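Visitor: One structure, pasted below without further comment.
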Amino acid sequence: VQLQASGGGLVQAGGSLRLSCAASGRTISTYTMGWFRQAAGKEREFVAAISFRGGDTAYLDSVKGRFTISRDNAENAVYLQMSSLKPEDTAVYYCASNTRTTWRYSYYSSAASCSRWGQGTQVTVSS
């Protein structure tokens, strides 16, 4: 499966962006999907995940209540709606497919469990 992330950009603090991750090559309907981010000089960190049917979601504590992950298996896509953005949300955002189907924090939050990555989309939040 190939993943293509888009939707990043420059936004003022308090603004919103919607990231999209389009998959091709095969269906992602059997995969847990996630969003990760990497700020300059920092390690990649887990942001959000959604189970393969979409019934379960999980978030990094600092984005809870502000970000919403969703998926459309018919469209073979995953989304990240980001609201009330803060300068500390500035990073390159990556979508990823996770080979682990069991819904467990240690699995879906682990970059090492992800088998495919999108190319990343830059999100910059100005203060």
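Ordered as shown in the structure tokens, chains take letters A, B, and onward, while each chain numbers its residues from 1 and ligands are numbered from 1 in the order shown.
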For Tyr31 in chain A, find every residue with an atom within 8 Å (counting only C-alpha atoms), except residues of its own chain fewer than 5 positions away, and show them as a list in words.

Guide: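 Answer for this query is Ser51, Phe52, Ser97, Asn98, Thr99, Arg100 and Thr101 of chain A.
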
Visitor: So which residues of chain A fall under strand (DSSP E) by DSSP, listed as JSON, numbers by chain?

Guide: {"A": [2, 3, 4, 5, 6, 9, 10, 11, 12, 17, 18, 19, 20, 21, 22, 23, 24, 32, 33, 34, 35, 36, 37, 38, 45, 46, 47, 48, 49, 50, 57, 58, 59, 67, 68, 69, 70, 71, 72, 77, 78, 79, 80, 81, 82, 91, 92, 93, 94, 95, 96, 97, 98, 114, 115, 116, 117, 121, 122, 123, 124, 125, 126]}

Visitor: Considering only C-alpha atoms, give me a table of residues in range 40-124 of chain A that are at most 12 Å from range 2-13 of chain A, with the closest atom pair and distance in Å for each, as JSON lines.

Guide:
```
{"residue": "A:Asn76", "atom": "CA", "partner": "A:Leu3", "partner_atom": "CA", "distance": 9.9}
{"residue": "A:Ala77", "atom": "CA", "partner": "A:Leu3", "partner_atom": "CA", "distance": 8.9}
{"residue": "A:Val78", "atom": "CA", "partner": "A:Ala5", "partner_atom": "CA", "distance": 9.2}
{"residue": "A:Tyr79", "atom": "CA", "partner": "A:Ala5", "partner_atom": "CA", "distance": 9.2}
{"residue": "A:Leu80", "atom": "CA", "partner": "A:Gly7", "partner_atom": "CA", "distance": 9.4}
{"residue": "A:Gln81", "atom": "CA", "partner": "A:Gly7", "partner_atom": "CA", "distance": 10.0}
{"residue": "A:Met82", "atom": "CA", "partner": "A:Gly8", "partner_atom": "CA", "distance": 10.3}
{"residue": "A:Ser83", "atom": "CA", "partner": "A:Ala13", "partner_atom": "CA", "distance": 9.4}
{"residue": "A:Ser84", "atom": "CA", "partner": "A:Ala13", "partner_atom": "CA", "distance": 6.9}
{"residue": "A:Leu85", "atom": "CA", "partner": "A:Ala13", "partner_atom": "CA", "distance": 5.3}
{"residue": "A:Lys86", "atom": "CA", "partner": "A:Ala13", "partner_atom": "CA", "distance": 5.0}
{"residue": "A:Pro87", "atom": "CA", "partner": "A:Ala13", "partner_atom": "CA", "distance": 6.3}
{"residue": "A:Glu88", "atom": "CA", "partner": "A:Ala13", "partner_atom": "CA", "distance": 9.6}
{"residue": "A:Asp89", "atom": "CA", "partner": "A:Ala13", "partner_atom": "CA", "distance": 9.4}
{"residue": "A:Thr90", "atom": "CA", "partner": "A:Leu10", "partner_atom": "CA", "distance": 9.1}
{"residue": "A:Ala91", "atom": "CA", "partner": "A:Gly8", "partner_atom": "CA", "distance": 9.7}
{"residue": "A:Val92", "atom": "CA", "partner": "A:Gly8", "partner_atom": "CA", "distance": 8.4}
{"residue": "A:Tyr93", "atom": "CA", "partner": "A:Gly8", "partner_atom": "CA", "distance": 8.0}
{"residue": "A:Tyr94", "atom": "CA", "partner": "A:Ala5", "partner_atom": "CA", "distance": 6.8}
{"residue": "A:Cys95", "atom": "CA", "partner": "A:Ala5", "partner_atom": "CA", "distance": 6.5}
{"residue": "A:Ala96", "atom": "CA", "partner": "A:Leu3", "partner_atom": "CA", "distance": 7.4}
{"residue": "A:Ser97", "atom": "CA", "partner": "A:Leu3", "partner_atom": "CA", "distance": 8.4}
{"residue": "A:Ser115", "atom": "CA", "partner": "A:Gln2", "partner_atom": "CA", "distance": 10.4}
{"residue": "A:Arg116", "atom": "CA", "partner": "A:Gln2", "partner_atom": "CA", "distance": 7.1}
{"residue": "A:Trp117", "atom": "CA", "partner": "A:Leu3", "partner_atom": "CA", "distance": 6.2}
{"residue": "A:Gly118", "atom": "CA", "partner": "A:Leu3", "partner_atom": "CA", "distance": 4.4}
{"residue": "A:Gln119", "atom": "CA", "partner": "A:Gln4", "partner_atom": "CA", "distance": 6.4}
{"residue": "A:Gly120", "atom": "CA", "partner": "A:Ala5", "partner_atom": "CA", "distance": 5.8}
{"residue": "A:Thr121", "atom": "CA", "partner": "A:Gly8", "partner_atom": "CA", "distance": 5.2}
{"residue": "A:Gln122", "atom": "CA", "partner": "A:Gly8", "partner_atom": "CA", "distance": 5.2}
{"residue": "A:Val123", "atom": "CA", "partner": "A:Gly8", "partner_atom": "CA", "distance": 4.8}
{"residue": "A:Thr124", "atom": "CA", "partner": "A:Leu10", "partner_atom": "CA", "distance": 4.7}
```

Visitor: May I ask for the distance between CA of Ser70 in chain A and CA of Gly54 in chain A, given in Å to one decimal place?

Guide: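 Separation of CA of Ser70 in chain A and CA of Gly54 in chain A: 7.0 Å.
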
Visitor: Rank A:Val1, A:Val63, A:Ile69, A:Met33 by their smallest atom-to-atom distance to Ser110 in chain A, using only C-alpha atoms, and report the top residue only.

Guide: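 Between A:Val1, A:Val63, A:Ile69, A:Met33, the residue approaching Ser110 in chain A most closely is A:Met33.
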
Visitor: Give me the residues near Tyr105 in chain A as a short mmCIF file (atom, residue, chain, number, x, y, z; two decimals) with all heavy atoms, in the first residue's frame, where near means some atom within 12 Å (using only C-alpha atoms) and where sequence neighbours in that chain fewer than 6 positions away do not count.

Guide:
```
data_model
loop_
_atom_site.label_atom_id
_atom_site.label_comp_id
_atom_site.auth_asym_id
_atom_site.auth_seq_id
_atom_site.Cartn_x
_atom_site.Cartn_y
_atom_site.Cartn_z
N THR A 32 -5.11 -0.98 11.22
CA THR A 32 -5.13 0.16 12.11
C THR A 32 -4.33 1.26 11.42
O THR A 32 -3.28 1.00 10.83
CB THR A 32 -4.48 -0.19 13.46
OG1 THR A 32 -5.28 -1.17 14.12
CG2 THR A 32 -4.35 1.03 14.34
N GLY A 34 -2.71 5.32 11.66
CA GLY A 34 -2.29 6.32 12.64
C GLY A 34 -1.68 7.55 12.01
O GLY A 34 -1.32 7.56 10.83
N PHE A 46 3.71 9.69 18.41
CA PHE A 46 2.36 9.29 18.11
C PHE A 46 1.40 10.45 18.34
O PHE A 46 1.54 11.19 19.31
CB PHE A 46 1.98 8.11 19.02
CG PHE A 46 0.51 7.83 19.09
CD1 PHE A 46 -0.12 7.18 18.04
CD2 PHE A 46 -0.23 8.20 20.19
CE1 PHE A 46 -1.48 6.91 18.10
CE2 PHE A 46 -1.58 7.93 20.26
CZ PHE A 46 -2.21 7.29 19.22
N VAL A 47 0.43 10.61 17.43
CA VAL A 47 -0.57 11.66 17.57
C VAL A 47 -1.97 11.05 17.74
O VAL A 47 -2.71 11.40 18.65
CB VAL A 47 -0.57 12.61 16.36
CG1 VAL A 47 -1.70 13.63 16.47
CG2 VAL A 47 0.78 13.31 16.24
N ALA A 48 -2.34 10.15 16.84
CA ALA A 48 -3.68 9.58 16.88
C ALA A 48 -3.71 8.27 16.13
O ALA A 48 -2.89 8.04 15.23
CB ALA A 48 -4.70 10.55 16.28
N ALA A 49 -4.66 7.42 16.49
CA ALA A 49 -4.84 6.15 15.80
C ALA A 49 -6.32 5.82 15.73
O ALA A 49 -7.11 6.27 16.56
CB ALA A 49 -4.08 5.03 16.52
N ILE A 50 -6.66 5.00 14.75
CA ILE A 50 -8.04 4.56 14.57
C ILE A 50 -8.03 3.09 14.18
O ILE A 50 -7.21 2.65 13.37
CB ILE A 50 -8.78 5.44 13.54
CG1 ILE A 50 -10.26 5.10 13.48
CG2 ILE A 50 -8.11 5.35 12.16
CD1 ILE A 50 -11.09 6.15 12.74
N SER A 51 -8.92 2.32 14.79
CA SER A 51 -8.98 0.89 14.51
C SER A 51 -9.49 0.65 13.10
O SER A 51 -10.03 1.54 12.45
CB SER A 51 -9.88 0.20 15.53
OG SER A 51 -11.18 0.73 15.48
N ASP A 56 -12.74 2.41 17.31
CA ASP A 56 -11.86 2.84 18.41
C ASP A 56 -10.90 3.91 17.91
O ASP A 56 -10.38 3.81 16.80
CB ASP A 56 -11.06 1.67 18.95
CG ASP A 56 -11.91 0.63 19.63
OD1 ASP A 56 -12.51 0.95 20.67
OD2 ASP A 56 -12.00 -0.50 19.10
N THR A 57 -10.69 4.90 18.74
CA THR A 57 -9.72 5.94 18.44
C THR A 57 -8.89 6.22 19.69
O THR A 57 -9.31 5.93 20.81
CB THR A 57 -10.39 7.26 18.00
OG1 THR A 57 -11.29 7.70 19.01
CG2 THR A 57 -11.16 7.07 16.69
N ALA A 58 -7.72 6.76 19.48
CA ALA A 58 -6.84 7.10 20.59
C ALA A 58 -6.02 8.32 20.20
O ALA A 58 -5.74 8.54 19.01
CB ALA A 58 -5.92 5.94 20.92
N TYR A 59 -5.64 9.10 21.22
CA TYR A 59 -4.94 10.35 20.96
C TYR A 59 -3.82 10.60 21.96
O TYR A 59 -3.88 10.17 23.11
CB TYR A 59 -5.92 11.53 21.06
CG TYR A 59 -7.05 11.46 20.08
CD1 TYR A 59 -8.25 10.85 20.41
CD2 TYR A 59 -6.91 12.01 18.81
CE1 TYR A 59 -9.29 10.78 19.50
CE2 TYR A 59 -7.94 11.94 17.89
CZ TYR A 59 -9.13 11.31 18.25
OH TYR A 59 -10.15 11.25 17.33
N LEU A 60 -2.83 11.32 21.50
CA LEU A 60 -1.82 11.89 22.39
C LEU A 60 -2.55 12.83 23.35
O LEU A 60 -3.46 13.57 22.93
CB LEU A 60 -0.81 12.67 21.54
CG LEU A 60 0.31 13.40 22.24
CD1 LEU A 60 1.30 12.42 22.86
CD2 LEU A 60 1.02 14.32 21.24
N ALA A 111 5.72 3.58 16.42
CA ALA A 111 6.15 3.78 15.04
C ALA A 111 6.78 2.49 14.48
O ALA A 111 6.67 2.22 13.29
CB ALA A 111 7.14 4.93 14.96
N SER A 113 5.78 -0.43 14.80
CA SER A 113 4.74 -1.37 14.35
C SER A 113 4.13 -0.96 13.02
O SER A 113 3.32 -1.69 12.47
CB SER A 113 3.62 -1.47 15.40
OG SER A 113 4.09 -2.05 16.59
#
```
